[in-house]
Amino acid sequence: MTTAGGLFAEVIVDVHSRDVDRPFHYRIPDRFDRQMQVGTRVIVPFGSRRIEGYVIGISDCAEVENVKEILEVLDEIPPLTEELVKLADWLSYRYLASKAASVQALLPAGIRSKTSVRLLLAEDAAEQIANRNPARQMSPKDREVVSLLEEGVPVYKEKLLKDSPGLKASLQRLIQSGIVREKHEVSQSVQTLYINVVSCTLSETDFQEALDQIPARAFKQKEVAQWVWNHGPSVPVRDVLRATSATYPVIKALVQKGILHMTEEEERRDPYANRFSGPLEQPLELTDSQAQAFKSIVAALSAKRAHQILLQGVTGSGKTEIYLQSIAACVGEGRQAIVLVPEISLTPQMVERFKRRFGEAVAVLHSRLSQGERYDEWKRIRRGEVSIAVGARSAIFAPFENIGLIVIDEEHELSYKQEDQPKYHAREVAWQRALHHGAVLLLGSATPSLETRHLTDQGKVRQILLPTRFNNNTLPKVQIVDMRDELQAGNRSMFSRSLHRLILDRLEKKEQMILFLNRRGHSTFVLCRNCGFVARCPDCDVSLTYHSVRGFEVLRCHYCGHSEPSVSKCPSCTSPHIRTFGTGTQRVEEELKKVFPSARVIRMDVDTTGTKGSHERMLQQFREGEADILLGTQMIAKGLDFPRVSLVGVITADISLNLPDFRSSERTFQLLTQVAGRAGRHELEGAVLIQTYHPDHYAIQYAVTQDYEQFYREEIRIRRTLENPPFCELTVFTVQHQQQAKAERLIRGLEHKLRSLFQHLDQVEVLPACPAPLAKLQGKYRYHLCVKFMEFPLVQQGLTEGYLEYSRLARQEEGILAVDVNAQMIM
C-alpha cells in the first residue's frame, strides 16, 4: 500500500467486464482538489486507453503501488449525489449487475461519454516506410490506409472498418509496426447548447444620445437598437434578426459602438416551450373520500419517515388530483417530488395537468423527448432549478437531494420493470430512495399488483380506498359477447352483432368510441390449408405476421424485425390455398372502413406512432373530434380521458389470457378493467362490450363487474397453492446460444451448480431447466432456469456465484447468460 501524500479517488471505470468490476485507485492531482467529489465523472488512463470513470469514494491512501493520476474532470457539479452512488451499489447487489452498468443506469443517455479511436500516422511514418526492406514492402491495401491518413481529415477506426472491412488486416499490421498509432478520444454524446444574446445596459439618456449619433443611412442599426431596447433586458440574436430582418453585421456594428453588449448563454432545449402559458390552475375541490385520502398522505409527509401507501381507486376516481395536491403540500415543506407514470400513459394530457398546476417547477423525462431535451431537463433537476420531476421508469433516478414524495401511478404496470441490466423494478428502487429520504411512497392503481395488495394484508403498506368516481358518475355497463355463439349464428365478422349495433348507434349520436385489440399488424399468421405450412421467422420460434404497407404485402417478425414478401402460393406444396388467419389492428381498421364507411378512424400502434410527435398529434386529433373511433393496442388502454367517449369495445379479450405466464390472468383482468375505464368518464353514459371465446374465465367475469377484491381473493388462492409470487421471490436465468446443444448443456450445468449451492436451504427451490416459451429468438436457442426463494439475502451470494461462473463459460462458448431478479415476464 502506498502512503504518499495527497488524495486518492476510488473510480468505477466504464468497462463492462466482470474481470474489472471493482473500484480502481487514482491519484487526484492538486489542480483537481476542489473539484473532486463523490459522484464526479472523470477521465482516467486504463491500459493504453483514456476512458470515463465515476468517483465513488475519496481517501488519503491507496491500496496499490504506482497509482496513476486522473487526467480530466468532466463536470463542475457531480452528476451523482452521494445517495445515488450508494443506490448504484444497491442496484448491483440486488440485480446481480456490474457496478459500471449500475452507475450508468442512474445517468441520462446524453451525459454518458463515448470513446472513439482516432487513427494517426506516426511522426516518423515516412521514414519507416522508406527504410522498409523489399521483403516487407507495403501492399496496395497498406498504401490505401496510409493515403487516407495523409489527407489530414480525421479518420476513426470503427467507421473505417465498417466502411472498408477488407482493410482490417492491413490496419492491424500498420499499428503493430508503429507506422499507424491509435489515439483514444472521449466526448460527450450530447453537448450543452449555447446561443449569442444581446443586451443594452445604457441608461435611457445615454441610449438616446447613442441612437442620435448613428448616421441616417444606417437606419437598420437604429431599428435593431430600438427593438432590443424595447424587448430587453437581453434577447437571443436570432430573435433580433428574425424580428427586424437585419443581418449579423448590423448587430456586430452596434456591439463595436458600445450600444449593445453580446454574451454567450446556455440554451435550454425545452420540449414544452410556450405550450402552457397563462396563469397557473388552482386546485379542485375534493370530494369527502378524496379529502380523507389527502389528509392521510399529508400526515405521513409531516412525519418525515418512510411510508408506503396504496391509493386504490376505481378508474375516474380522481387519483391524479390527490397526487397534485399532495405534491403541492410536499413542495410547500421545501421538499421535492418524483412522479412516475407508465410510458404509454405519459401523454401530453398528463404532462399538461402538471405543467398547468406547477408551471416551470416541473421537469419532464420520457423517451419521446430527444436526448438533448432529456439532458437539459435532467440538468434543471441537478441544479435545483425545479422541485418536481415527472417521467417514466428512469425518472426514479432524478438527482434530487431532499425527496419528500414519490408517486407511482398505475403501479401495477409491467413497464416499470427494466429489460436491460440492471433489470431493476422502479417500485423497489423507489422504496430504497424513500427509506433514505424519509419520504412517502404513494402507489396508485385501480387494479394493484398482487404483490402490492398482498403487502396491505400483511400491514406493510397502508391501503386507502376511493370507491366511487370523482363526479359520482356510475361505472360503465359492461357486456360480454361469447364469440362462439356468434360463429354458430353464422356471423364470421370480427364484430359481434351487439358491437355492430352499438357502433352504428354512437355514429348516429356523434359520440366517440375506443376499440381495443392488443395485437398489431394485419393478420396473425399465414397458413396453407392444403398441407398446413405456416410462414415462420427463420431466426425466431414464432410465426410471421402479415402486414400491408403502402400497397406492399409483407410478412414481418415482431421480435427481430425480419421481413419478407408475402406469398400467393405455398412454398412447401405450391398450393394456391394459402390464406391469412387471425386479426391485428391493421385488419380491424380495414374492416371498419368497409362496414362503417362514414366512420373516421385513427389507428394507434407501434406501426403508426414511430415518428416524433405522432402519438401526441393523433390524440389531439381525437380530442378535437376529428375522428369517431380510436383503434389501438395497449397504448390507448389507460391514462386517457376523452369527454365524448361513450363506448369501449374489446375486439378479443383472450390474447393476454393465453400467454404461458402465471401472471396472465392478472394481466388480463388489469387490462380489461383499465380499458373499460375509458368510457363514460364525464356527462355521457358509458358502455363497454368485451368479445371473448372464454366468457366464463374468472379474470373476465370479475373485469365485467369491476370487482377487484373478488378477483384478488381468487387469484391469491391459486398463487398460494402453487407457491408463486407474492408467496416467494422468483429469479430467472436465460441461456442463449446459436447451437441448441450448447445452450442446453450450459443451463443444465448451471442447474447442477445452484442445486449444489442451495442443497441445505429448505426454502429455496431450483426448478428443472427447460426451453423458454420463446424457444428461439433472433437466431439463438433459449433455455430457462427458475429459482424460487423466500429471502433474497440468503441466496444472493449463491446466485451471484452461479451467475458469474456460467456467464463466463457462456461467453467463452460465444453464448449469453442473462439473469432477471424479481422477474415479471417469463417469455
# chains A, B, ... in the order shown; residues from 1 in each chain; ligands from 1
$ closest_atom_pairs --of "range 101-164 of chain A" --to "range 35-44 of chain A" --cutoff "12 Å" --atoms "only C-alpha atoms" --output "Markdown table"
| residue | atom | partner | partner_atom | distance |
| --- | --- | --- | --- | --- |
| A:Val103 | CA | A:Gly39 | CA | 9.6 |
| A:Gln104 | CA | A:Arg41 | CA | 10.9 |
| A:Leu106 | CA | A:Gly39 | CA | 10.9 |
| A:Leu107 | CA | A:Arg41 | CA | 10.9 |
| A:Ile111 | CA | A:Arg41 | CA | 9.9 |
| A:Arg112 | CA | A:Arg41 | CA | 9.4 |
| A:Ser113 | CA | A:Arg41 | CA | 9.6 |
| A:Lys114 | CA | A:Ile43 | CA | 11.2 |
| A:Thr115 | CA | A:Ile43 | CA | 10.5 |
$ residues_around --residues "Arg603 in chain A" --least-positions-apart "6" --cutoff "10 Å" --atoms "only C-alpha atoms" --output "NGL selection string"
:A and (515 or 520 or 585-586 or 588-589 or 609 or 618 or 629-633 or 636)
$ atom_distance --atom1 "CA of Val197 in chain A" --atom2 "CA of Val235 in chain A"
5.4 Å
$ atom_distance --atom1 "CA of Gly384 in chain A" --atom2 "CA of Ile195 in chain A"
22.3 Å
$ select_by_dssp --residues "range 283-432 of chain A" --states "helix (DSSP H, G or I)" --output "mmCIF file with N, CA and C atoms, in the first residue's frame"
data_model
loop_
_atom_site.group_PDB
_atom_site.id
_atom_site.type_symbol
_atom_site.label_atom_id
_atom_site.label_comp_id
_atom_site.auth_asym_id
_atom_site.auth_seq_id
_atom_site.Cartn_x
_atom_site.Cartn_y
_atom_site.Cartn_z
ATOM 1 N N ASP A 288 -65.409 14.098 -0.363
ATOM 2 C CA ASP A 288 -65.142 13.673 1.019
ATOM 3 C C ASP A 288 -64.083 12.567 1.057
ATOM 4 N N SER A 289 -64.213 11.564 0.163
ATOM 5 C CA SER A 289 -63.253 10.456 0.183
ATOM 6 C C SER A 289 -61.870 10.927 -0.271
ATOM 7 N N GLN A 290 -61.820 11.842 -1.258
ATOM 8 C CA GLN A 290 -60.539 12.397 -1.684
ATOM 9 C C GLN A 290 -59.896 13.208 -0.550
ATOM 10 N N ALA A 291 -60.699 14.011 0.116
ATOM 11 C CA ALA A 291 -60.175 14.850 1.198
ATOM 12 C C ALA A 291 -59.600 13.992 2.316
ATOM 13 N N GLN A 292 -60.279 12.880 2.622
ATOM 14 C CA GLN A 292 -59.785 11.988 3.674
ATOM 15 C C GLN A 292 -58.463 11.349 3.254
ATOM 16 N N ALA A 293 -58.374 10.950 1.977
ATOM 17 C CA ALA A 293 -57.131 10.364 1.462
ATOM 18 C C ALA A 293 -55.996 11.384 1.521
ATOM 19 N N PHE A 294 -56.280 12.600 1.088
ATOM 20 C CA PHE A 294 -55.274 13.662 1.084
ATOM 21 C C PHE A 294 -54.783 13.952 2.502
ATOM 22 N N LYS A 295 -55.701 13.982 3.449
ATOM 23 C CA LYS A 295 -55.340 14.245 4.845
ATOM 24 C C LYS A 295 -54.383 13.176 5.367
ATOM 25 N N SER A 296 -54.616 11.926 5.000
ATOM 26 C CA SER A 296 -53.749 10.828 5.454
ATOM 27 C C SER A 296 -52.352 10.943 4.845
ATOM 28 N N ILE A 297 -52.295 11.327 3.572
ATOM 29 C CA ILE A 297 -50.997 11.455 2.897
ATOM 30 C C ILE A 297 -50.201 12.608 3.496
ATOM 31 N N VAL A 298 -50.862 13.734 3.757
ATOM 32 C CA VAL A 298 -50.172 14.896 4.338
ATOM 33 C C VAL A 298 -49.645 14.559 5.736
ATOM 34 N N ALA A 299 -50.420 13.781 6.493
ATOM 35 C CA ALA A 299 -49.954 13.378 7.825
ATOM 36 C C ALA A 299 -48.686 12.531 7.717
ATOM 37 N N ALA A 300 -48.653 11.644 6.737
ATOM 38 C CA ALA A 300 -47.456 10.817 6.530
ATOM 39 C C ALA A 300 -46.275 11.675 6.099
ATOM 40 N N LEU A 301 -46.536 12.682 5.257
ATOM 41 C CA LEU A 301 -45.472 13.594 4.824
ATOM 42 C C LEU A 301 -44.889 14.337 6.023
ATOM 43 N N SER A 302 -45.747 14.793 6.884
ATOM 44 C CA SER A 302 -45.307 15.587 8.036
ATOM 45 C C SER A 302 -44.476 14.757 9.008
ATOM 46 N N ALA A 303 -44.702 13.445 9.031
ATOM 47 C CA ALA A 303 -43.954 12.583 9.951
ATOM 48 C C ALA A 303 -42.492 12.461 9.550
ATOM 49 N N LYS A 319 -57.697 10.155 -8.705
ATOM 50 C CA LYS A 319 -56.387 9.927 -8.061
ATOM 51 C C LYS A 319 -55.393 11.022 -8.442
ATOM 52 N N THR A 320 -55.440 11.490 -9.705
ATOM 53 C CA THR A 320 -54.462 12.482 -10.155
ATOM 54 C C THR A 320 -54.577 13.782 -9.368
ATOM 55 N N GLU A 321 -55.788 14.212 -9.050
ATOM 56 C CA GLU A 321 -55.957 15.439 -8.269
ATOM 57 C C GLU A 321 -55.361 15.275 -6.868
ATOM 58 N N ILE A 322 -55.475 14.093 -6.302
ATOM 59 C CA ILE A 322 -54.857 13.840 -4.999
ATOM 60 C C ILE A 322 -53.336 13.892 -5.137
ATOM 61 N N TYR A 323 -52.807 13.332 -6.229
ATOM 62 C CA TYR A 323 -51.357 13.436 -6.467
ATOM 63 C C TYR A 323 -50.940 14.911 -6.477
ATOM 64 N N LEU A 324 -51.665 15.704 -7.257
ATOM 65 C CA LEU A 324 -51.294 17.111 -7.448
ATOM 66 C C LEU A 324 -51.296 17.876 -6.121
ATOM 67 N N GLN A 325 -52.339 17.678 -5.320
ATOM 68 C CA GLN A 325 -52.407 18.416 -4.064
ATOM 69 C C GLN A 325 -51.395 17.891 -3.039
ATOM 70 N N SER A 326 -51.095 16.589 -3.104
ATOM 71 C CA SER A 326 -50.064 16.027 -2.216
ATOM 72 C C SER A 326 -48.690 16.559 -2.596
ATOM 73 N N ILE A 327 -48.433 16.695 -3.897
ATOM 74 C CA ILE A 327 -47.164 17.253 -4.366
ATOM 75 C C ILE A 327 -47.034 18.706 -3.901
ATOM 76 N N ALA A 328 -48.121 19.472 -4.021
ATOM 77 C CA ALA A 328 -48.096 20.869 -3.575
ATOM 78 C C ALA A 328 -47.760 20.950 -2.090
ATOM 79 N N ALA A 329 -48.325 20.035 -1.300
ATOM 80 C CA ALA A 329 -48.031 20.021 0.142
ATOM 81 C C ALA A 329 -46.566 19.675 0.390
ATOM 82 N N CYS A 330 -46.039 18.741 -0.386
ATOM 83 C CA CYS A 330 -44.639 18.331 -0.258
ATOM 84 C C CYS A 330 -43.703 19.494 -0.600
ATOM 85 N N VAL A 331 -43.963 20.145 -1.735
ATOM 86 C CA VAL A 331 -43.131 21.273 -2.159
ATOM 87 C C VAL A 331 -43.254 22.429 -1.182
ATOM 88 N N GLY A 332 -44.452 22.584 -0.607
ATOM 89 C CA GLY A 332 -44.662 23.643 0.387
ATOM 90 C C GLY A 332 -43.800 23.462 1.620
ATOM 91 N N GLU A 343 -44.897 4.674 -19.459
ATOM 92 C CA GLU A 343 -44.541 5.378 -20.699
ATOM 93 C C GLU A 343 -45.751 5.597 -21.600
ATOM 94 N N ILE A 344 -46.586 4.564 -21.742
ATOM 95 C CA ILE A 344 -47.737 4.691 -22.641
ATOM 96 C C ILE A 344 -48.808 5.622 -22.084
ATOM 97 N N SER A 345 -48.747 5.900 -20.774
ATOM 98 C CA SER A 345 -49.710 6.828 -20.174
ATOM 99 C C SER A 345 -49.159 8.243 -20.071
ATOM 100 N N PRO A 348 -49.387 13.880 -23.600
ATOM 101 C CA PRO A 348 -49.410 15.338 -23.434
ATOM 102 C C PRO A 348 -50.482 15.787 -22.452
ATOM 103 N N GLN A 349 -51.582 15.034 -22.414
ATOM 104 C CA GLN A 349 -52.670 15.358 -21.496
ATOM 105 C C GLN A 349 -52.202 15.284 -20.038
ATOM 106 N N MET A 350 -51.431 14.250 -19.713
ATOM 107 C CA MET A 350 -50.912 14.095 -18.361
ATOM 108 C C MET A 350 -49.883 15.181 -18.048
ATOM 109 N N VAL A 351 -48.957 15.428 -18.982
ATOM 110 C CA VAL A 351 -47.941 16.466 -18.786
ATOM 111 C C VAL A 351 -48.608 17.819 -18.575
ATOM 112 N N GLU A 352 -49.652 18.080 -19.369
ATOM 113 C CA GLU A 352 -50.339 19.367 -19.301
ATOM 114 C C GLU A 352 -50.914 19.612 -17.914
ATOM 115 N N ARG A 353 -51.461 18.560 -17.282
ATOM 116 C CA ARG A 353 -52.049 18.740 -15.951
ATOM 117 C C ARG A 353 -50.999 19.223 -14.949
ATOM 118 N N PHE A 354 -49.798 18.656 -15.027
ATOM 119 C CA PHE A 354 -48.737 19.058 -14.097
ATOM 120 C C PHE A 354 -48.179 20.428 -14.446
ATOM 121 N N LYS A 355 -48.004 20.696 -15.740
ATOM 122 C CA LYS A 355 -47.466 21.993 -16.161
ATOM 123 C C LYS A 355 -48.436 23.127 -15.826
ATOM 124 N N ARG A 356 -49.736 22.886 -16.022
ATOM 125 C CA ARG A 356 -50.710 23.944 -15.739
ATOM 126 C C ARG A 356 -50.852 24.196 -14.240
ATOM 127 N N ARG A 357 -50.528 23.196 -13.430
ATOM 128 C CA ARG A 357 -50.640 23.376 -11.983
ATOM 129 C C ARG A 357 -49.353 23.956 -11.374
ATOM 130 N N PHE A 358 -48.180 23.512 -11.885
ATOM 131 C CA PHE A 358 -46.910 23.899 -11.246
ATOM 132 C C PHE A 358 -45.961 24.681 -12.153
ATOM 133 N N GLY A 359 -46.301 24.849 -13.423
ATOM 134 C CA GLY A 359 -45.501 25.677 -14.322
ATOM 135 C C GLY A 359 -44.063 25.209 -14.475
ATOM 136 N N GLU A 360 -43.120 26.136 -14.357
ATOM 137 C CA GLU A 360 -41.704 25.853 -14.590
ATOM 138 C C GLU A 360 -41.060 25.058 -13.454
ATOM 139 N N ALA A 361 -41.812 24.749 -12.412
ATOM 140 C CA ALA A 361 -41.263 23.946 -11.314
ATOM 141 C C ALA A 361 -41.195 22.467 -11.675
ATOM 142 N N GLN A 371 -32.591 13.208 -26.974
ATOM 143 C CA GLN A 371 -31.558 13.088 -25.943
ATOM 144 C C GLN A 371 -31.183 14.448 -25.374
ATOM 145 N N GLY A 372 -31.105 15.448 -26.254
ATOM 146 C CA GLY A 372 -30.749 16.787 -25.795
ATOM 147 C C GLY A 372 -31.802 17.371 -24.867
ATOM 148 N N GLU A 373 -33.077 17.162 -25.192
ATOM 149 C CA GLU A 373 -34.163 17.666 -24.344
ATOM 150 C C GLU A 373 -34.141 16.991 -22.970
ATOM 151 N N ARG A 374 -33.932 15.670 -22.960
ATOM 152 C CA ARG A 374 -33.875 14.949 -21.687
ATOM 153 C C ARG A 374 -32.676 15.401 -20.851
ATOM 154 N N TYR A 375 -31.558 15.609 -21.539
ATOM 155 C CA TYR A 375 -30.343 16.039 -20.840
ATOM 156 C C TYR A 375 -30.558 17.400 -20.180
ATOM 157 N N ASP A 376 -31.180 18.320 -20.892
ATOM 158 C CA ASP A 376 -31.412 19.659 -20.334
ATOM 159 C C ASP A 376 -32.416 19.626 -19.184
ATOM 160 N N GLU A 377 -33.432 18.773 -19.282
ATOM 161 C CA GLU A 377 -34.386 18.641 -18.175
ATOM 162 C C GLU A 377 -33.690 18.056 -16.947
ATOM 163 N N TRP A 378 -32.827 17.067 -17.178
ATOM 164 C CA TRP A 378 -32.089 16.455 -16.071
ATOM 165 C C TRP A 378 -31.181 17.491 -15.395
ATOM 166 N N LYS A 379 -30.540 18.355 -16.179
ATOM 167 C CA LYS A 379 -29.665 19.387 -15.609
ATOM 168 C C LYS A 379 -30.451 20.337 -14.715
ATOM 169 N N ARG A 380 -31.679 20.660 -15.100
ATOM 170 C CA ARG A 380 -32.500 21.544 -14.264
ATOM 171 C C ARG A 380 -32.751 20.907 -12.895
ATOM 172 N N ILE A 381 -32.949 19.595 -12.891
ATOM 173 C CA ILE A 381 -33.148 18.890 -11.616
ATOM 174 C C ILE A 381 -31.876 18.942 -10.783
ATOM 175 N N ARG A 382 -30.750 18.620 -11.422
ATOM 176 C CA ARG A 382 -29.484 18.539 -10.683
ATOM 177 C C ARG A 382 -29.074 19.892 -10.114
ATOM 178 N N ARG A 393 -40.160 5.279 -16.167
ATOM 179 C CA ARG A 393 -39.398 4.463 -15.219
ATOM 180 C C ARG A 393 -38.083 5.092 -14.722
ATOM 181 N N SER A 394 -37.224 5.537 -15.643
ATOM 182 C CA SER A 394 -35.888 6.001 -15.243
ATOM 183 C C SER A 394 -35.915 7.328 -14.484
ATOM 184 N N ALA A 395 -37.062 8.010 -14.459
ATOM 185 C CA ALA A 395 -37.157 9.261 -13.686
ATOM 186 C C ALA A 395 -37.016 9.008 -12.191
ATOM 187 N N ILE A 396 -37.092 7.741 -11.776
ATOM 188 C CA ILE A 396 -36.897 7.431 -10.356
ATOM 189 C C ILE A 396 -35.482 7.805 -9.913
ATOM 190 N N PHE A 397 -34.558 7.969 -10.872
ATOM 191 C CA PHE A 397 -33.186 8.334 -10.541
ATOM 192 C C PHE A 397 -32.958 9.847 -10.589
ATOM 193 N N LEU A 414 -46.397 -3.276 -16.119
ATOM 194 C CA LEU A 414 -45.204 -4.059 -16.444
ATOM 195 C C LEU A 414 -44.041 -3.165 -16.874
ATOM 196 N N SER A 415 -44.335 -1.987 -17.422
ATOM 197 C CA SER A 415 -43.277 -1.117 -17.944
ATOM 198 C C SER A 415 -42.384 -0.535 -16.850
ATOM 199 N N TYR A 416 -42.727 -0.741 -15.579
ATOM 200 C CA TYR A 416 -41.852 -0.283 -14.506
ATOM 201 C C TYR A 416 -40.668 -1.229 -14.277
ATOM 202 N N ALA A 426 -38.824 -0.303 -10.792
ATOM 203 C CA ALA A 426 -38.884 1.074 -10.275
ATOM 204 C C ALA A 426 -39.549 1.136 -8.916
ATOM 205 N N ARG A 427 -40.478 0.231 -8.642
ATOM 206 C CA ARG A 427 -41.161 0.238 -7.344
ATOM 207 C C ARG A 427 -40.180 -0.099 -6.221
ATOM 208 N N GLU A 428 -39.289 -1.051 -6.452
ATOM 209 C CA GLU A 428 -38.291 -1.412 -5.442
ATOM 210 C C GLU A 428 -37.272 -0.287 -5.245
ATOM 211 N N VAL A 429 -36.847 0.324 -6.360
ATOM 212 C CA VAL A 429 -35.886 1.429 -6.277
ATOM 213 C C VAL A 429 -36.512 2.604 -5.530
ATOM 214 N N ALA A 430 -37.786 2.866 -5.815
ATOM 215 C CA ALA A 430 -38.481 3.986 -5.163
ATOM 216 C C ALA A 430 -38.509 3.804 -3.650
ATOM 217 N N TRP A 431 -38.714 2.577 -3.210
ATOM 218 C CA TRP A 431 -38.757 2.336 -1.763
ATOM 219 C C TRP A 431 -37.373 2.534 -1.139
ATOM 220 N N GLN A 432 -36.324 2.159 -1.850
ATOM 221 C CA GLN A 432 -34.965 2.408 -1.346
ATOM 222 C C GLN A 432 -34.724 3.907 -1.174
#
$ atom_distance --atom1 "CA of Phe219 in chain A" --atom2 "CA of Tyr248 in chain A"
14.7 Å
$ residues_around --residues "Val153 in chain A" --least-positions-apart "3" --cutoff "12 Å" --atoms "only C-alpha atoms" --output "number ranges by chain"
A: 118-121, 147-150, 156
$ closest_residue --among "A:Pro279, A:Gly444, A:Pro236, A:Gly561" --to "Leu311 in chain A" --atoms "only C-alpha atoms"
A:Gly444
$ closest_atom_pairs --of "range 328-447 of chain A" --to "range 313-318 of chain A" --cutoff "10 Å" --atoms "only C-alpha atoms" --output "JSON lines"
{"residue": "A:Gly444", "atom": "CA", "partner": "A:Gly313", "partner_atom": "CA", "distance": 7.7}
{"residue": "A:Ser445", "atom": "CA", "partner": "A:Gly313", "partner_atom": "CA", "distance": 6.4}
{"residue": "A:Ala446", "atom": "CA", "partner": "A:Val314", "partner_atom": "CA", "distance": 4.8}
{"residue": "A:Thr447", "atom": "CA", "partner": "A:Val314", "partner_atom": "CA", "distance": 8.1}
$ write_last_selection --atoms "C-alpha atoms" --output "PDB file, in the first residue's frame"
ATOM      1  CA  GLY A 444     -51.808   4.451  -7.212  1.00  0.00           C
ATOM      2  CA  SER A 445     -53.932   1.992  -9.162  1.00  0.00           C
ATOM      3  CA  ALA A 446     -57.458   0.788  -9.788  1.00  0.00           C
ATOM      4  CA  THR A 447     -56.006  -2.720 -10.178  1.00  0.00           C
TER       5      THR A 447
END
$ residues_around --residues "Gln308 in chain A" --least-positions-apart "4" --cutoff "10 Å" --atoms "only C-alpha atoms" --output "list in words"
Ile297, Ala300, Ile406, Trp431, Ala434, Leu435, Ala439, Val440, Leu441, Leu442, Leu443, Thr452, Leu455, Thr456, Lys460, Val461, Arg462 and Gln463 of chain A
$ write_last_selection --atoms "N, CA and C atoms" --output "PDB file, in the first residue's frame"
ATOM      1  N   ILE A 297     -52.295  11.327   3.572  1.00  0.00           N
ATOM      2  CA  ILE A 297     -50.997  11.455   2.897  1.00  0.00           C
ATOM      3  C   ILE A 297     -50.201  12.608   3.496  1.00  0.00           C
ATOM      4  N   ALA A 300     -48.653  11.644   6.737  1.00  0.00           N
ATOM      5  CA  ALA A 300     -47.456  10.817   6.530  1.00  0.00           C
ATOM      6  C   ALA A 300     -46.275  11.675   6.099  1.00  0.00           C
ATOM      7  N   ILE A 406     -42.752  10.316  -3.454  1.00  0.00           N
ATOM      8  CA  ILE A 406     -42.595   9.604  -4.724  1.00  0.00           C
ATOM      9  C   ILE A 406     -43.946   8.988  -5.067  1.00  0.00           C
ATOM     10  N   TRP A 431     -38.714   2.577  -3.210  1.00  0.00           N
ATOM     11  CA  TRP A 431     -38.757   2.336  -1.763  1.00  0.00           C
ATOM     12  C   TRP A 431     -37.373   2.534  -1.139  1.00  0.00           C
ATOM     13  N   ALA A 434     -37.058   6.207  -0.810  1.00  0.00           N
ATOM     14  CA  ALA A 434     -37.947   6.690   0.250  1.00  0.00           C
ATOM     15  C   ALA A 434     -37.345   6.406   1.630  1.00  0.00           C
ATOM     16  N   LEU A 435     -36.739   5.233   1.787  1.00  0.00           N
ATOM     17  CA  LEU A 435     -36.098   4.894   3.054  1.00  0.00           C
ATOM     18  C   LEU A 435     -34.964   5.867   3.373  1.00  0.00           C
ATOM     19  N   ALA A 439     -39.216   9.540   3.019  1.00  0.00           N
ATOM     20  CA  ALA A 439     -40.269  10.048   2.120  1.00  0.00           C
ATOM     21  C   ALA A 439     -41.469   9.113   2.084  1.00  0.00           C
ATOM     22  N   VAL A 440     -42.546   9.628   1.536  1.00  0.00           N
ATOM     23  CA  VAL A 440     -43.763   8.847   1.328  1.00  0.00           C
ATOM     24  C   VAL A 440     -43.730   8.263  -0.076  1.00  0.00           C
ATOM     25  N   LEU A 441     -43.929   6.948  -0.192  1.00  0.00           N
ATOM     26  CA  LEU A 441     -44.072   6.285  -1.487  1.00  0.00           C
ATOM     27  C   LEU A 441     -45.561   6.026  -1.689  1.00  0.00           C
ATOM     28  N   LEU A 442     -46.144   6.751  -2.645  1.00  0.00           N
ATOM     29  CA  LEU A 442     -47.577   6.684  -2.901  1.00  0.00           C
ATOM     30  C   LEU A 442     -47.819   5.867  -4.168  1.00  0.00           C
ATOM     31  N   LEU A 443     -48.431   4.710  -4.026  1.00  0.00           N
ATOM     32  CA  LEU A 443     -48.693   3.793  -5.134  1.00  0.00           C
ATOM     33  C   LEU A 443     -50.157   3.901  -5.525  1.00  0.00           C
ATOM     34  N   THR A 452     -48.314  -5.865  -4.315  1.00  0.00           N
ATOM     35  CA  THR A 452     -48.610  -4.685  -3.501  1.00  0.00           C
ATOM     36  C   THR A 452     -49.844  -4.911  -2.642  1.00  0.00           C
ATOM     37  N   LEU A 455     -49.130  -6.994   0.324  1.00  0.00           N
ATOM     38  CA  LEU A 455     -48.415  -6.259   1.377  1.00  0.00           C
ATOM     39  C   LEU A 455     -49.380  -5.480   2.270  1.00  0.00           C
ATOM     40  N   THR A 456     -50.520  -5.064   1.716  1.00  0.00           N
ATOM     41  CA  THR A 456     -51.518  -4.388   2.563  1.00  0.00           C
ATOM     42  C   THR A 456     -52.130  -5.377   3.552  1.00  0.00           C
ATOM     43  N   LYS A 460     -47.764  -4.033   5.769  1.00  0.00           N
ATOM     44  CA  LYS A 460     -46.538  -3.337   5.377  1.00  0.00           C
ATOM     45  C   LYS A 460     -46.821  -2.127   4.490  1.00  0.00           C
ATOM     46  N   VAL A 461     -47.996  -2.084   3.889  1.00  0.00           N
ATOM     47  CA  VAL A 461     -48.428  -0.961   3.060  1.00  0.00           C
ATOM     48  C   VAL A 461     -49.817  -0.545   3.532  1.00  0.00           C
ATOM     49  N   ARG A 462     -50.017   0.753   3.697  1.00  0.00           N
ATOM     50  CA  ARG A 462     -51.330   1.242   4.106  1.00  0.00           C
ATOM     51  C   ARG A 462     -52.222   1.394   2.885  1.00  0.00           C
ATOM     52  N   GLN A 463     -53.466   0.931   2.978  1.00  0.00           N
ATOM     53  CA  GLN A 463     -54.406   0.987   1.863  1.00  0.00           C
ATOM     54  C   GLN A 463     -55.437   2.092   2.081  1.00  0.00           C
TER      55      GLN A 463
END
$ select_by_dssp --residues "range 648-818 of chain A" --states "strand (DSSP E)" --output "MDAnalysis selection string"
chainID A and resid 648:650 687:692 729:737 764:766 770:777 780:789 816:818
$ residues_around --residues "Arg519 in chain A" --least-positions-apart "4" --cutoff "10 Å" --atoms "only C-alpha atoms" --output "ChimeraX atom specification"
/A:523-524,582-586,605-606,632-634,652,655-656
$ residues_around --residues "range 135-144 of chain A" --least-positions-apart "4" --cutoff "10 Å" --atoms "only C-alpha atoms" --output "number ranges by chain"
A: 129-131, 148-150, 166-174
